[in-house]
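Pasted below: work-v7.pdb, PDB, C-alpha atoms.
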```
MODEL        1
ATOM      1  CA  MET A  27      -5.249   2.344 -21.209
ATOM      2  CA  THR A  28      -2.186   3.262 -19.152
ATOM      3  CA  SER A  29       0.508   5.176 -21.031
ATOM      4  CA  SER A  30       4.119   4.175 -20.643
ATOM      5  CA  ALA A  31       7.312   4.085 -22.652
ATOM      6  CA  PRO A  32       8.992   0.712 -23.294
ATOM      7  CA  ARG A  33      11.332  -0.256 -20.466
ATOM      8  CA  SER A  34      14.831  -1.637 -20.701
ATOM      9  CA  HIS A  35      15.563  -5.013 -19.116
ATOM     10  CA  ALA A  36      18.244  -3.198 -17.115
ATOM     11  CA  ALA A  37      15.757  -0.658 -15.718
ATOM     12  CA  PRO A  38      15.513  -0.425 -11.916
ATOM     13  CA  PRO A  39      12.769  -2.659 -10.525
ATOM     14  CA  ARG A  40       9.442  -1.070  -9.699
ATOM     15  CA  VAL A  41       7.967  -2.380  -6.461
ATOM     16  CA  GLY A  42       4.643  -1.584  -4.862
ATOM     17  CA  LEU A  43       4.546  -1.682  -1.058
ATOM     18  CA  LEU A  44       1.276  -2.700   0.594
ATOM     19  CA  GLY A  45       1.511  -2.397   4.356
ATOM     20  CA  GLY A  46      -1.051  -3.555   6.871
ATOM     21  CA  SER A  47      -2.038  -5.819   9.697
ATOM     22  CA  PHE A  48      -3.366  -8.565   7.401
ATOM     23  CA  ASN A  49      -5.531  -9.769  10.292
ATOM     24  CA  PRO A  50      -6.171 -11.911   8.280
ATOM     25  CA  ALA A  51      -5.066 -11.506   4.667
ATOM     26  CA  HIS A  52      -7.989 -11.863   2.251
ATOM     27  CA  GLU A  53      -8.974 -11.738  -1.405
ATOM     28  CA  GLY A  54      -9.316  -7.963  -1.288
ATOM     29  CA  HIS A  55      -5.573  -7.655  -0.622
ATOM     30  CA  LEU A  56      -4.875  -9.911  -3.565
ATOM     31  CA  HIS A  57      -7.306  -8.012  -5.787
ATOM     32  CA  ILE A  58      -5.747  -4.567  -5.249
ATOM     33  CA  SER A  59      -2.249  -6.048  -5.604
ATOM     34  CA  LEU A  60      -3.068  -7.552  -8.997
ATOM     35  CA  GLU A  61      -4.647  -4.280 -10.096
ATOM     36  CA  ALA A  62      -1.554  -2.372  -8.954
ATOM     37  CA  LEU A  63       0.770  -4.725 -10.830
ATOM     38  CA  LYS A  64      -1.173  -4.147 -14.022
ATOM     39  CA  ARG A  65      -2.131  -0.476 -13.836
ATOM     40  CA  LEU A  66       1.139   0.825 -12.364
ATOM     41  CA  GLN A  67       3.279  -1.524 -14.461
ATOM     42  CA  LEU A  68       5.099  -2.834 -11.410
ATOM     43  CA  ASP A  69       7.553  -5.702 -11.305
ATOM     44  CA  ALA A  70       6.402  -6.860  -7.874
ATOM     45  CA  VAL A  71       4.222  -6.050  -4.886
ATOM     46  CA  TRP A  72       5.544  -6.602  -1.380
ATOM     47  CA  TRP A  73       3.072  -7.216   1.431
ATOM     48  CA  LEU A  74       4.558  -5.704   4.581
ATOM     49  CA  ILE A  75       2.974  -7.444   7.551
ATOM     50  CA  SER A  76       3.014  -4.918  10.387
ATOM     51  CA  PRO A  77       4.062  -6.145  13.849
ATOM     52  CA  GLN A  78       1.449  -3.725  15.254
ATOM     53  CA  ASN A  79      -0.322  -0.910  13.448
ATOM     54  CA  PRO A  80      -0.007   2.205  15.666
ATOM     55  CA  LEU A  81      -3.555   3.262  14.721
ATOM     56  CA  LYS A  82      -5.117  -0.074  15.648
ATOM     57  CA  SER A  83      -5.724  -1.691  19.009
ATOM     58  CA  SER A  84      -3.769  -4.822  19.876
ATOM     59  CA  THR A  85      -7.037  -6.313  21.152
ATOM     60  CA  GLY A  86      -8.191  -8.890  18.630
ATOM     61  CA  MET A  87      -4.858  -8.806  16.802
ATOM     62  CA  ALA A  88      -3.496 -12.241  15.931
ATOM     63  CA  ASP A  89       0.161 -13.103  16.388
ATOM     64  CA  LEU A  90       2.476 -11.889  13.664
ATOM     65  CA  ALA A  91       3.293 -15.490  12.698
ATOM     66  CA  ASP A  92      -0.393 -16.326  12.161
ATOM     67  CA  ARG A  93      -0.996 -13.195  10.108
ATOM     68  CA  PHE A  94       2.138 -13.892   8.069
ATOM     69  CA  ASP A  95       0.923 -17.432   7.352
ATOM     70  CA  SER A  96      -2.489 -16.158   6.280
ATOM     71  CA  ALA A  97      -0.742 -13.819   3.823
ATOM     72  CA  LEU A  98       1.393 -16.638   2.430
ATOM     73  CA  MET A  99      -1.700 -18.725   1.792
ATOM     74  CA  MET A 100      -3.482 -15.849   0.058
ATOM     75  CA  ALA A 101      -0.587 -14.394  -1.979
ATOM     76  CA  LYS A 102      -0.071 -17.280  -4.358
ATOM     77  CA  HIS A 103       1.337 -15.206  -7.174
ATOM     78  CA  PRO A 104       4.933 -15.158  -8.456
ATOM     79  CA  ARG A 105       5.180 -11.366  -8.196
ATOM     80  CA  ILE A 106       3.684 -10.914  -4.730
ATOM     81  CA  VAL A 107       6.188 -11.195  -1.888
ATOM     82  CA  VAL A 108       5.128 -11.556   1.762
ATOM     83  CA  SER A 109       7.494  -9.887   4.221
ATOM     84  CA  ALA A 110       7.741  -9.056   7.914
ATOM     85  CA  ILE A 111      10.862  -6.957   7.361
ATOM     86  CA  GLU A 112       9.723  -4.275   9.805
ATOM     87  CA  THR A 113      10.650  -6.606  12.647
ATOM     88  CA  GLU A 114      14.202  -6.735  11.274
ATOM     89  CA  LEU A 115      14.356  -3.012  10.525
ATOM     90  CA  GLY A 116      12.991  -2.127  13.945
ATOM     91  CA  THR A 117      10.610   0.450  12.467
ATOM     92  CA  ARG A 118       7.098   1.200  13.621
ATOM     93  CA  TYR A 119       5.920   4.014  11.379
ATOM     94  CA  THR A 120       5.490   3.833   7.609
ATOM     95  CA  ALA A 121       7.699   6.852   6.885
ATOM     96  CA  ASP A 122      10.573   5.219   8.785
ATOM     97  CA  THR A 123      10.012   1.844   7.125
ATOM     98  CA  LEU A 124      10.046   3.378   3.665
ATOM     99  CA  ALA A 125      13.222   5.340   4.410
ATOM    100  CA  ALA A 126      14.953   2.198   5.665
ATOM    101  CA  LEU A 127      13.900   0.194   2.594
ATOM    102  CA  GLN A 128      15.177   2.910   0.285
ATOM    103  CA  ARG A 129      18.537   2.878   2.054
ATOM    104  CA  ARG A 130      18.764  -0.893   1.688
ATOM    105  CA  PHE A 131      17.411  -1.272  -1.867
ATOM    106  CA  THR A 132      19.019   1.709  -3.517
ATOM    107  CA  ARG A 133      18.119   0.802  -7.128
ATOM    108  CA  THR A 134      14.492  -0.060  -6.479
ATOM    109  CA  LYS A 135      11.731   2.406  -7.321
ATOM    110  CA  PHE A 136       9.099   2.024  -4.634
ATOM    111  CA  VAL A 137       5.450   3.039  -4.863
ATOM    112  CA  TRP A 138       3.391   3.106  -1.676
ATOM    113  CA  LEU A 139       0.008   1.404  -2.145
ATOM    114  CA  MET A 140      -3.035   2.052  -0.020
ATOM    115  CA  GLY A 141      -6.764   1.508  -0.102
ATOM    116  CA  ALA A 142      -9.175   4.421  -0.041
ATOM    117  CA  ASP A 143      -9.933   3.649   3.616
ATOM    118  CA  ASN A 144      -6.343   4.523   4.496
ATOM    119  CA  LEU A 145      -6.395   7.736   2.460
ATOM    120  CA  ALA A 146      -9.388   8.868   4.530
ATOM    121  CA  GLN A 147      -7.258   8.727   7.697
ATOM    122  CA  PHE A 148      -3.860   9.352   6.100
ATOM    123  CA  HIS A 149      -3.485  12.731   7.826
ATOM    124  CA  LYS A 150      -3.463  10.870  11.164
ATOM    125  CA  TRP A 151      -0.369   8.863  10.227
ATOM    126  CA  LYS A 152       2.798   9.945  11.987
ATOM    127  CA  TRP A 153       5.039  11.914   9.613
ATOM    128  CA  TRP A 154       2.647  11.395   6.700
ATOM    129  CA  GLU A 155       3.957  14.558   5.066
ATOM    130  CA  ARG A 156       7.440  13.036   5.050
ATOM    131  CA  LEU A 157       6.095   9.891   3.424
ATOM    132  CA  ILE A 158       4.693  11.738   0.409
ATOM    133  CA  LEU A 159       8.154  13.172  -0.204
ATOM    134  CA  ARG A 160       9.705   9.693  -0.092
ATOM    135  CA  ALA A 161       7.811   7.790  -2.774
ATOM    136  CA  PRO A 162       4.883   8.142  -5.163
ATOM    137  CA  ILE A 163       1.568   6.898  -3.791
ATOM    138  CA  ALA A 164      -1.211   4.945  -5.475
ATOM    139  CA  VAL A 165      -4.631   4.893  -3.813
ATOM    140  CA  LEU A 166      -6.947   2.094  -4.881
ATOM    141  CA  ASP A 167     -10.700   2.382  -4.537
ATOM    142  CA  ARG A 168     -12.401   0.412  -1.787
ATOM    143  CA  GLU A 169     -16.060  -0.265  -1.103
ATOM    144  CA  GLY A 170     -17.698   2.515   0.884
ATOM    145  CA  TYR A 171     -14.691   4.822   1.216
ATOM    146  CA  SER A 172     -14.109   6.736  -2.034
ATOM    147  CA  ASN A 173     -16.187   9.837  -1.257
ATOM    148  CA  ASN A 174     -14.783  10.355   2.234
ATOM    149  CA  ALA A 175     -11.250   9.633   1.060
ATOM    150  CA  LEU A 176     -11.209  12.148  -1.791
ATOM    151  CA  SER A 177     -12.826  14.891   0.288
ATOM    152  CA  GLY A 178     -10.621  14.234   3.323
ATOM    153  CA  THR A 179      -7.811  16.308   4.786
ATOM    154  CA  ALA A 180      -4.895  14.501   3.140
ATOM    155  CA  ALA A 181      -6.455  14.319  -0.343
ATOM    156  CA  ARG A 182      -7.295  18.024  -0.313
ATOM    157  CA  ARG A 183      -3.786  18.972   0.783
ATOM    158  CA  MET A 184      -2.210  16.719  -1.854
ATOM    159  CA  GLU A 185      -4.556  17.606  -4.705
ATOM    160  CA  ARG A 186      -1.957  19.673  -6.593
ATOM    161  CA  TRP A 187       0.279  16.585  -6.942
ATOM    162  CA  ARG A 188      -2.407  14.193  -8.157
ATOM    163  CA  ILE A 189      -1.886  12.803 -11.656
ATOM    164  CA  PRO A 190      -4.620  11.532 -13.998
ATOM    165  CA  MET A 191      -5.243   7.809 -13.906
ATOM    166  CA  ASP A 192      -4.243   7.387 -17.561
ATOM    167  CA  ARG A 193      -0.671   8.242 -16.492
ATOM    168  CA  ALA A 194      -0.613   5.657 -13.705
ATOM    169  CA  GLY A 195       1.923   3.521 -15.553
ATOM    170  CA  LEU A 196       4.438   6.353 -15.234
ATOM    171  CA  LEU A 197       3.956   6.890 -11.495
ATOM    172  CA  ALA A 198       7.013   4.911 -10.340
ATOM    173  CA  ASP A 199       9.279   7.108 -12.475
ATOM    174  CA  LEU A 200       7.879  10.479 -11.416
ATOM    175  CA  ASP A 201       9.531  12.904  -9.039
ATOM    176  CA  VAL A 202       7.845  13.146  -5.655
ATOM    177  CA  PRO A 203       5.397  14.229  -4.498
ATOM    178  CA  ALA A 204       3.061  12.460  -6.904
ATOM    179  CA  TRP A 205      -0.003  10.292  -6.419
ATOM    180  CA  VAL A 206      -2.849   8.737  -8.339
ATOM    181  CA  TYR A 207      -6.328   7.549  -7.449
ATOM    182  CA  LEU A 208      -7.389   4.378  -9.234
ATOM    183  CA  PRO A 209     -11.157   3.714  -9.383
ATOM    184  CA  ILE A 210     -10.752  -0.033  -9.767
ATOM    185  CA  LYS A 211     -13.521  -2.592  -9.520
ATOM    186  CA  ARG A 212     -14.270  -2.868  -5.833
ATOM    187  CA  HIS A 213     -13.877  -6.031  -3.785
ATOM    188  CA  PRO A 214     -16.113  -6.518  -0.733
ATOM    189  CA  ALA A 215     -13.683  -8.598   1.374
ATOM    190  CA  SER A 216     -12.819  -7.173   4.784
ATOM    191  CA  SER A 217     -10.650  -8.463   7.623
ATOM    192  CA  THR A 218     -13.135  -7.002  10.111
ATOM    193  CA  ALA A 219     -16.021  -8.907   8.521
ATOM    194  CA  ILE A 220     -14.019 -12.136   8.381
ATOM    195  CA  ARG A 221     -13.285 -11.896  12.124
ATOM    196  CA  ALA A 222     -16.893 -10.973  12.934
ATOM    197  CA  GLU A 223     -18.135 -14.022  11.051
ATOM    198  CA  GLY A 224     -15.822 -16.257  13.069
ATOM    199  CA  ARG A 225     -13.756 -17.330  10.050
ATOM    200  CA  TRP A 226     -10.550 -16.088  11.733
ATOM    201  CA  GLN A 227      -9.816 -17.001  15.301
ATOM    202  CA  VAL A 228      -7.340 -14.897  17.290
TER     203      VAL A 228
ENDMDL
END
```
Final structure tokens representation of the file:
Amino acid sequence: MTSSAPRSHAAPPRVGLLGGSFNPAHEGHLHISLEALKRLQLDAVWWLISPQNPLKSSTGMADLADRFDSALMMAKHPRIVVSAIETELGTRYTADTLAALQRRFTRTKFVWLMGADNLAQFHKWKWWERLILRAPIAVLDREGYSNNALSGTAARRMERWRIPMDRAGLLADLDVPAWVYLPIKRHPASSTAIRAEGRWQV
């Protein structure tokens, strides 16, 4: 069970940010979002549909409008918000996007959400060390990635700031840097597999 003190109705909102290409959005995105809402005691999760992930090729990438629509169809939950705000902010890298959101939503407590696959390559993200000083991070388990993720460069360098999973409900209120790894029930859905099976046409 996640420990947490009762919260006032006037408390700042806690929002999880799940960024990605969503090419297309699938049930795995929904699964980790619902787990994050529950385990981190968030008020909402925002899906940030990236105009173009700097670490991914544009080949095979659907238009932003199509990816946005796929997210809208998948995120049928009152506390999941689909957004393409990066196009308005003019940001390309996660650290810049997070900084811009914090300047705009000054009362909101953001938590950056990522799957274990992203933790495995987190050290390749531009300014990743700035990002961990911006907001707490929650890493959610994903099929086939947990071992590599937890033994990878970023996880080893951040190990001193990792909190136990039974304190996950407090993460949004902690001083940075802070992060948690959540060994949730895994979901097999994958955008790559969906495209390979021809269920998503670019």
**Q.** Interatomic distance (Å, one decimal) between atom CA of A:Ile158 and atom CA of A:Trp205
**A.**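 Between atom CA of A:Ile158 and atom CA of A:Trp205 the gap is 8.4 Å.
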(Q) I'd like the interatomic distance between atom CA of A:Leu176 and atom CA of A:Met191, to a tenth of an Å. (A) 14.2 Å
Q | Residue members of the PyMOL selection byres ((chain A and resi 72-76) around 10) in the file shown, as a PyMOL selection string | A | chain A and resi 41-49+51+55-56+59+70-71+77-80+90-91+93-94+97-98+101+105-113+117-120+123+136+138-139
Within 6 Å of A:Pro162, counting all atoms listed in the file, which residues qualify if same-chain residues fewer than 4 places away don't, as a compact mmCIF listing (two decimals) with C-alpha atoms, keeping the file's coordinate frame?
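What landed in part28.txt:
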```
# COMPACT_ATOMS: atom_id res chain seq x y z
CA VAL A 137 5.45 3.04 -4.86
CA VAL A 202 7.84 13.15 -5.66
CA ALA A 204 3.06 12.46 -6.90
CA TRP A 205 0.00 10.29 -6.42
```
Q: Between atom CA of A:Asp201 and atom CA of A:Ala161, measure the distance and give it in Å to one decimal.
A: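 Spanning atom CA of A:Asp201 to atom CA of A:Ala161 is a straight-line distance of 8.3 Å.
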Q) Which residue, A:Ala164, A:Trp153, A:Gln147, A:Ile210, has the smallest gap to A:Gly195 when you use only C-alpha atoms? A)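 Of A:Ala164, A:Trp153, A:Gln147, A:Ile210, the one nearest A:Gly195, counting only C-alpha atoms, is A:Ala164.
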**Q.** Selected residue of minimal separation from A:Gly141 among A:Asp122, A:Glu155, A:Asp167, A:Asp69, counting all atoms listed in the file
**A.**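 Closest to A:Gly141, using all atoms listed in the file: A:Asp167.
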